Amino acid sequence: MAALDRPVAKPRPVYLNLFAIRQPLPAIVSILHRISGALLFLIGIPLLLWVVQRALASPDAWAQMRSALGHPIAKLTLLVLAWAYFHHFLAGIRHLVMDLHIGMDVPAARRSGAFVLVLAVVLTFAVAVKLW
Amino acid sequence: MTPNRIVVGAHYGWRDWLVQRISAVVMAFYTLLVLGLLLWHGGLDYDAWKATFANEPFRLATFVFMLSLLWHAWVGVRNIAMDYIKPVSVRLTFEVAVIASLVAYTGWTIQVLWGGV
C-alpha cells in the first residue's frame with residue numbers, strides 16, 4: 001500500500017460533467033452510434049413492421065400507408081430514422097474494420113470518425129431531397 | 001464459480017460481442033440486397049413490392065434479417081441498460097419488457113411474412 005501514501009501530484013476531478021468536457025470526435029461518433037441504435041429500436045422496428053404489413057395487405061392499404069407517411073411529422077420521423085440507420089450502419093462498419101485492427105491509431109480513427117459523421121449526414125440529405 | 005454474479009449482469013463472456021457482429025454483417029448484406037432490388041425495380045410500386053415478397057427465398061432472407069435485427073437490438077439495448085440503469089430491480093423489469101417486445105416483434109414478423117399465404 002506504499003503507493004497510496006505518496007502525495008497526489010495534482011487534484012483529480014471528483015466527478016465528470018459530460019457537458020463541460022469537450023468531447024473528442026470519435027466520442028461523438030460513439031454516443032451517436034448508441035443514440036441512433038436506441039431510436040432504431042424504439043421507433044424503427046415497429047414502424048418498419050407496420051409499413052411492410054400495410055404495404056403487403058392490399059392496394060388500398062398501400063395507398064393509405066403512402067399518404068400517412070406523407071404527413072410532415074411522418075416525413076420528419078422517417079428522416080431522423082434514415083439518419084439513424086446511416087449513422088449506425090457506417091459507425092458499425094467502422095467498428096468491424098477496427099476489429100480487424102485496421103485504422104486503430106488516433107489520426108486514422110479521427111479521419112474515419114469524421115467520414116462516418118459526414119457521410120451519414122450527406123446520405124440523410126439525399127433522402128430529404130427525395131422526401132420533399 | 002465467480003462470486004458476486006448479479007441476475008442482470010453481463011454473461012461474462014464473448015458470446016454477445018460475437019452475436020452483435022455476426023448479426024451486423026447479416027443485416028449489412030440484406031441492406032445491400034434490398035438496395036439492389038430497389039435500383040433494379042427503379043423505385044417502389046405495389047405490384048413490384050408484392051411480387052418481391054411473394055418470393056419464398058426473399059421471405060426467408062427477410063426473416064433471417066429480422067432475427068438478426070431483433071437479437072442485435074437485444075445486445076445493444078441491454079448494453080445501454082447496464083450502463084444507465086443501476087438498481088437491479090428496475091433494470092430487470094426494463095430488460096423483461098424489452099425481451100417481451102422483441103418476442104412480440106418476432107411473432108409480428110412471422111405474421112407479416114407468412115400470414116397472408
# chains A, B, ... in the order shown; residues from 1 in each chain; ligands from 1

call {"tool": "closest_atom_pairs", "arguments": {"of": "chain A", "to": "chain B", "cutoff": "10 Å", "atoms": "only C-alpha atoms", "output": "Markdown table"}}
result
| residue | atom | partner | partner_atom | distance |
| --- | --- | --- | --- | --- |
| A:Arg34 | CA | B:Ile80 | CA | 7.8 |
| A:Ile35 | CA | B:Ile80 | CA | 9.6 |
| A:Gly37 | CA | B:Gly76 | CA | 7.3 |
| A:Ala38 | CA | B:Val77 | CA | 6.9 |
| A:Leu40 | CA | B:Ala73 | CA | 8.5 |
| A:Phe41 | CA | B:Ala73 | CA | 6.3 |
| A:Leu42 | CA | B:Ala73 | CA | 9.7 |
| A:Ile45 | CA | B:Tyr105 | CA | 8.0 |
| A:Pro46 | CA | B:Tyr105 | CA | 7.5 |
| A:Leu48 | CA | B:Thr109 | CA | 10.0 |
| A:Leu49 | CA | B:Thr109 | CA | 6.8 |
| A:Trp50 | CA | B:Val112 | CA | 8.9 |
| A:Val52 | CA | B:Val112 | CA | 7.4 |
| A:Gln53 | CA | B:Val112 | CA | 5.4 |
| A:Arg54 | CA | B:Val112 | CA | 9.0 |
| A:Ala55 | CA | B:Tyr46 | CA | 7.1 |
| A:Leu56 | CA | B:Lys50 | CA | 6.0 |
| A:Ala57 | CA | B:Gly116 | CA | 8.1 |
| A:Ser58 | CA | B:Tyr46 | CA | 8.3 |
| A:Pro59 | CA | B:Tyr46 | CA | 6.4 |
| A:Asp60 | CA | B:Tyr46 | CA | 9.7 |
| A:Ala61 | CA | B:Tyr46 | CA | 9.9 |
| A:Trp62 | CA | B:Tyr46 | CA | 6.7 |
| A:Ala63 | CA | B:Tyr46 | CA | 8.6 |
| A:Phe89 | CA | B:Ala28 | CA | 7.5 |
| A:Leu90 | CA | B:Ala28 | CA | 9.8 |
| A:Gly92 | CA | B:Ala24 | CA | 7.5 |
| A:Ile93 | CA | B:Ala24 | CA | 8.5 |
| A:His95 | CA | B:Arg21 | CA | 9.0 |
| A:Leu96 | CA | B:Arg21 | CA | 7.3 |
| A:Asp99 | CA | B:Arg21 | CA | 9.6 |

call {"tool": "write_last_selection", "arguments": {"atoms": "N, CA and C atoms", "output": "mmCIF file, in the first residue's frame"}}
result
data_model
loop_
_atom_site.group_PDB
_atom_site.id
_atom_site.type_symbol
_atom_site.label_atom_id
_atom_site.label_comp_id
_atom_site.auth_asym_id
_atom_site.auth_seq_id
_atom_site.Cartn_x
_atom_site.Cartn_y
_atom_site.Cartn_z
ATOM 1 N N ARG A 34 -24.817 4.984 -30.255
ATOM 2 C CA ARG A 34 -25.720 4.488 -29.213
ATOM 3 C C ARG A 34 -27.113 5.113 -29.334
ATOM 4 N N ILE A 35 -27.152 6.450 -29.525
ATOM 5 C CA ILE A 35 -28.449 7.131 -29.631
ATOM 6 C C ILE A 35 -29.209 6.649 -30.868
ATOM 7 N N GLY A 37 -28.928 3.788 -32.344
ATOM 8 C CA GLY A 37 -29.391 2.421 -32.086
ATOM 9 C C GLY A 37 -30.656 2.410 -31.244
ATOM 10 N N ALA A 38 -30.698 3.262 -30.217
ATOM 11 C CA ALA A 38 -31.887 3.339 -29.355
ATOM 12 C C ALA A 38 -33.102 3.785 -30.162
ATOM 13 N N LEU A 40 -33.575 3.403 -33.394
ATOM 14 C CA LEU A 40 -33.960 2.339 -34.318
ATOM 15 C C LEU A 40 -34.748 1.253 -33.590
ATOM 16 N N PHE A 41 -34.376 0.995 -32.335
ATOM 17 C CA PHE A 41 -35.119 0.002 -31.553
ATOM 18 C C PHE A 41 -36.503 0.539 -31.176
ATOM 19 N N LEU A 42 -36.549 1.770 -30.636
ATOM 20 C CA LEU A 42 -37.803 2.291 -30.088
ATOM 21 C C LEU A 42 -38.833 2.598 -31.174
ATOM 22 N N ILE A 45 -38.047 -0.324 -35.471
ATOM 23 C CA ILE A 45 -38.530 -1.704 -35.653
ATOM 24 C C ILE A 45 -40.059 -1.747 -35.782
ATOM 25 N N PRO A 46 -40.814 -1.147 -34.834
ATOM 26 C CA PRO A 46 -42.273 -1.211 -35.015
ATOM 27 C C PRO A 46 -42.742 -0.504 -36.284
ATOM 28 N N LEU A 48 -41.071 -0.131 -39.112
ATOM 29 C CA LEU A 48 -40.711 -0.986 -40.251
ATOM 30 C C LEU A 48 -41.740 -2.093 -40.440
ATOM 31 N N LEU A 49 -42.096 -2.771 -39.333
ATOM 32 C CA LEU A 49 -43.062 -3.871 -39.415
ATOM 33 C C LEU A 49 -44.423 -3.364 -39.882
ATOM 34 N N TRP A 50 -44.826 -2.209 -39.347
ATOM 35 C CA TRP A 50 -46.124 -1.650 -39.733
ATOM 36 C C TRP A 50 -46.142 -1.307 -41.228
ATOM 37 N N VAL A 52 -44.265 -2.504 -43.710
ATOM 38 C CA VAL A 52 -44.240 -3.691 -44.575
ATOM 39 C C VAL A 52 -45.596 -4.394 -44.537
ATOM 40 N N GLN A 53 -46.201 -4.449 -43.348
ATOM 41 C CA GLN A 53 -47.512 -5.097 -43.231
ATOM 42 C C GLN A 53 -48.568 -4.377 -44.065
ATOM 43 N N ARG A 54 -48.626 -3.040 -43.936
ATOM 44 C CA ARG A 54 -49.605 -2.267 -44.707
ATOM 45 C C ARG A 54 -49.319 -2.388 -46.197
ATOM 46 N N ALA A 55 -48.036 -2.369 -46.548
ATOM 47 C CA ALA A 55 -47.654 -2.386 -47.963
ATOM 48 C C ALA A 55 -48.046 -3.689 -48.635
ATOM 49 N N LEU A 56 -48.143 -4.768 -47.862
ATOM 50 C CA LEU A 56 -48.462 -6.068 -48.447
ATOM 51 C C LEU A 56 -49.945 -6.410 -48.346
ATOM 52 N N ALA A 57 -50.700 -5.631 -47.542
ATOM 53 C CA ALA A 57 -52.078 -6.022 -47.238
ATOM 54 C C ALA A 57 -52.987 -5.939 -48.471
ATOM 55 N N SER A 58 -53.001 -4.783 -49.132
ATOM 56 C CA SER A 58 -53.865 -4.589 -50.297
ATOM 57 C C SER A 58 -53.454 -3.288 -50.980
ATOM 58 N N PRO A 59 -53.860 -3.108 -52.230
ATOM 59 C CA PRO A 59 -53.525 -1.832 -52.898
ATOM 60 C C PRO A 59 -54.053 -0.623 -52.122
ATOM 61 N N ASP A 60 -55.249 -0.756 -51.514
ATOM 62 C CA ASP A 60 -55.806 0.346 -50.727
ATOM 63 C C ASP A 60 -54.943 0.642 -49.504
ATOM 64 N N ALA A 61 -54.547 -0.447 -48.782
ATOM 65 C CA ALA A 61 -53.708 -0.282 -47.597
ATOM 66 C C ALA A 61 -52.370 0.352 -47.977
ATOM 67 N N TRP A 62 -51.832 -0.048 -49.136
ATOM 68 C CA TRP A 62 -50.588 0.536 -49.647
ATOM 69 C C TRP A 62 -50.766 2.045 -49.828
ATOM 70 N N ALA A 63 -51.857 2.422 -50.481
ATOM 71 C CA ALA A 63 -52.096 3.848 -50.757
ATOM 72 C C ALA A 63 -52.281 4.629 -49.453
ATOM 73 N N PHE A 89 -25.197 2.178 -39.331
ATOM 74 C CA PHE A 89 -24.597 1.283 -40.340
ATOM 75 C C PHE A 89 -23.116 1.626 -40.526
ATOM 76 N N LEU A 90 -22.829 2.893 -40.800
ATOM 77 C CA LEU A 90 -21.453 3.309 -41.103
ATOM 78 C C LEU A 90 -20.548 3.182 -39.881
ATOM 79 N N GLY A 92 -20.986 1.176 -37.485
ATOM 80 C CA GLY A 92 -20.836 -0.266 -37.257
ATOM 81 C C GLY A 92 -19.764 -0.856 -38.161
ATOM 82 N N ILE A 93 -19.769 -0.460 -39.442
ATOM 83 C CA ILE A 93 -18.728 -0.924 -40.372
ATOM 84 C C ILE A 93 -17.354 -0.480 -39.853
ATOM 85 N N HIS A 95 -16.529 -0.019 -36.789
ATOM 86 C CA HIS A 95 -16.181 -0.904 -35.681
ATOM 87 C C HIS A 95 -15.616 -2.227 -36.193
ATOM 88 N N LEU A 96 -16.302 -2.798 -37.206
ATOM 89 C CA LEU A 96 -15.876 -4.098 -37.737
ATOM 90 C C LEU A 96 -14.475 -4.004 -38.332
ATOM 91 N N ASP A 99 -12.118 -3.957 -35.603
ATOM 92 C CA ASP A 99 -11.959 -5.305 -35.036
ATOM 93 C C ASP A 99 -10.863 -6.074 -35.774
#

call {"tool": "residues_around", "arguments": {"residues": "Phe29 in chain B", "least_positions_apart": "6", "cutoff": "12 Å", "atoms": "only C-alpha atoms", "output": "VMD selection string"}}
result
(chain A and resid 89 93) or (chain B and resid 22 to 23 35 to 36 61 to 62 64 to 65 68)

call {"tool": "closest_residue", "arguments": {"among": "A:Gln64, A:Thr77, A:Asn17, A:Thr124", "to": "Leu47 in chain A", "atoms": "only C-alpha atoms"}}
result
A:Thr77

call {"tool": "atom_distance", "arguments": {"atom1": "CA of Gly107 in chain B", "atom2": "CA of Trp71 in chain B"}}
result
13.8 Å

call {"tool": "residues_around", "arguments": {"residues": "Phe94 in chain B", "least_positions_apart": "5", "cutoff": "10 Å", "atoms": "only C-alpha atoms", "output": "ChimeraX atom specification"}}
result
/B:77-78,81,85,88-89,99-100

call {"tool": "residues_around", "arguments": {"residues": "Trp132 in chain A", "least_positions_apart": "2", "cutoff": "12 Å", "atoms": "only C-alpha atoms", "output": "MDAnalysis selection string"}}
result
chainID A and resid 69:72 74:76 78:79 125:130

call {"tool": "select_by_dssp", "arguments": {"residues": "range 22-118 of chain A", "states": "alpha helix (DSSP H)", "output": "CSV table (one decimal) with C-alpha atoms, in the first residue's frame"}}
result
chain,number,residue,atom,x,y,z
A,25,LEU,CA,-14.7,13.4,-32.4
A,26,PRO,CA,-14.6,9.6,-32.0
A,27,ALA,CA,-16.5,10.0,-28.7
A,28,ILE,CA,-19.2,12.0,-30.6
A,29,VAL,CA,-19.4,9.2,-33.2
A,30,SER,CA,-19.7,6.7,-30.4
A,31,ILE,CA,-22.5,8.3,-28.5
A,32,LEU,CA,-24.4,8.9,-31.7
A,33,HIS,CA,-24.0,5.2,-32.5
A,34,ARG,CA,-25.7,4.5,-29.2
A,35,ILE,CA,-28.4,7.1,-29.6
A,36,SER,CA,-29.2,6.0,-33.2
A,37,GLY,CA,-29.4,2.4,-32.1
A,38,ALA,CA,-31.9,3.3,-29.4
A,39,LEU,CA,-34.0,5.3,-31.9
A,45,ILE,CA,-38.5,-1.7,-35.7
A,46,PRO,CA,-42.3,-1.2,-35.0
A,47,LEU,CA,-42.5,1.3,-37.8
A,48,LEU,CA,-40.7,-1.0,-40.3
A,49,LEU,CA,-43.1,-3.9,-39.4
A,50,TRP,CA,-46.1,-1.6,-39.7
A,51,VAL,CA,-45.0,-0.3,-43.1
A,52,VAL,CA,-44.2,-3.7,-44.6
A,53,GLN,CA,-47.5,-5.1,-43.2
A,54,ARG,CA,-49.6,-2.3,-44.7
A,55,ALA,CA,-47.7,-2.4,-48.0
A,56,LEU,CA,-48.5,-6.1,-48.4
A,57,ALA,CA,-52.1,-6.0,-47.2
A,59,PRO,CA,-53.5,-1.8,-52.9
A,60,ASP,CA,-55.8,0.3,-50.7
A,61,ALA,CA,-53.7,-0.3,-47.6
A,62,TRP,CA,-50.6,0.5,-49.6
A,63,ALA,CA,-52.1,3.8,-50.8
A,64,GLN,CA,-53.2,4.7,-47.2
A,65,MET,CA,-49.8,3.9,-45.8
A,66,ARG,CA,-48.2,6.1,-48.5
A,67,SER,CA,-50.4,9.0,-47.7
A,68,ALA,CA,-49.9,8.5,-43.9
A,69,LEU,CA,-46.2,8.7,-44.5
A,72,PRO,CA,-44.9,16.3,-42.4
A,73,ILE,CA,-44.4,14.7,-38.9
A,74,ALA,CA,-44.1,11.3,-40.5
A,75,LYS,CA,-41.6,12.6,-43.1
A,76,LEU,CA,-39.5,14.1,-40.3
A,77,THR,CA,-39.6,10.8,-38.4
A,78,LEU,CA,-38.5,8.9,-41.5
A,79,LEU,CA,-35.7,11.4,-42.0
A,80,VAL,CA,-34.5,11.0,-38.4
A,81,LEU,CA,-34.7,7.2,-38.8
A,82,ALA,CA,-32.8,7.4,-42.1
A,83,TRP,CA,-30.0,9.3,-40.4
A,84,ALA,CA,-30.1,6.8,-37.5
A,85,TYR,CA,-29.8,3.9,-40.0
A,86,PHE,CA,-27.0,5.5,-42.0
A,87,HIS,CA,-25.0,6.5,-38.9
A,88,HIS,CA,-25.5,3.2,-37.2
A,89,PHE,CA,-24.6,1.3,-40.3
A,90,LEU,CA,-21.5,3.3,-41.1
A,91,ALA,CA,-20.3,3.5,-37.5
A,92,GLY,CA,-20.8,-0.3,-37.3
A,93,ILE,CA,-18.7,-0.9,-40.4
A,94,ARG,CA,-16.1,1.3,-38.8
A,95,HIS,CA,-16.2,-0.9,-35.7
A,96,LEU,CA,-15.9,-4.1,-37.7
A,97,VAL,CA,-12.9,-2.7,-39.6
A,98,MET,CA,-11.3,-1.7,-36.3
A,99,ASP,CA,-12.0,-5.3,-35.0
A,106,VAL,CA,-5.6,8.2,-33.3
A,107,PRO,CA,-5.3,10.1,-36.6
A,108,ALA,CA,-6.9,7.3,-38.6
A,109,ALA,CA,-9.7,6.9,-36.1
A,110,ARG,CA,-10.4,10.6,-36.2
A,111,ARG,CA,-10.4,10.5,-40.0
A,112,SER,CA,-12.8,7.5,-40.2
A,113,GLY,CA,-15.0,9.1,-37.5
A,114,ALA,CA,-15.3,12.3,-39.4
A,115,PHE,CA,-16.0,10.3,-42.6
A,116,VAL,CA,-18.9,8.4,-40.8
A,117,LEU,CA,-20.4,11.7,-39.4
A,118,VAL,CA,-20.3,13.5,-42.7

call {"tool": "atom_distance", "arguments": {"atom1": "CA of Leu18 in chain B", "atom2": "CA of Leu32 in chain B"}}
result
21.5 Å

call {"tool": "atom_distance", "arguments": {"atom1": "CA of Leu119 in chain A", "atom2": "CA of Leu131 in chain A"}}
result
18.3 Å
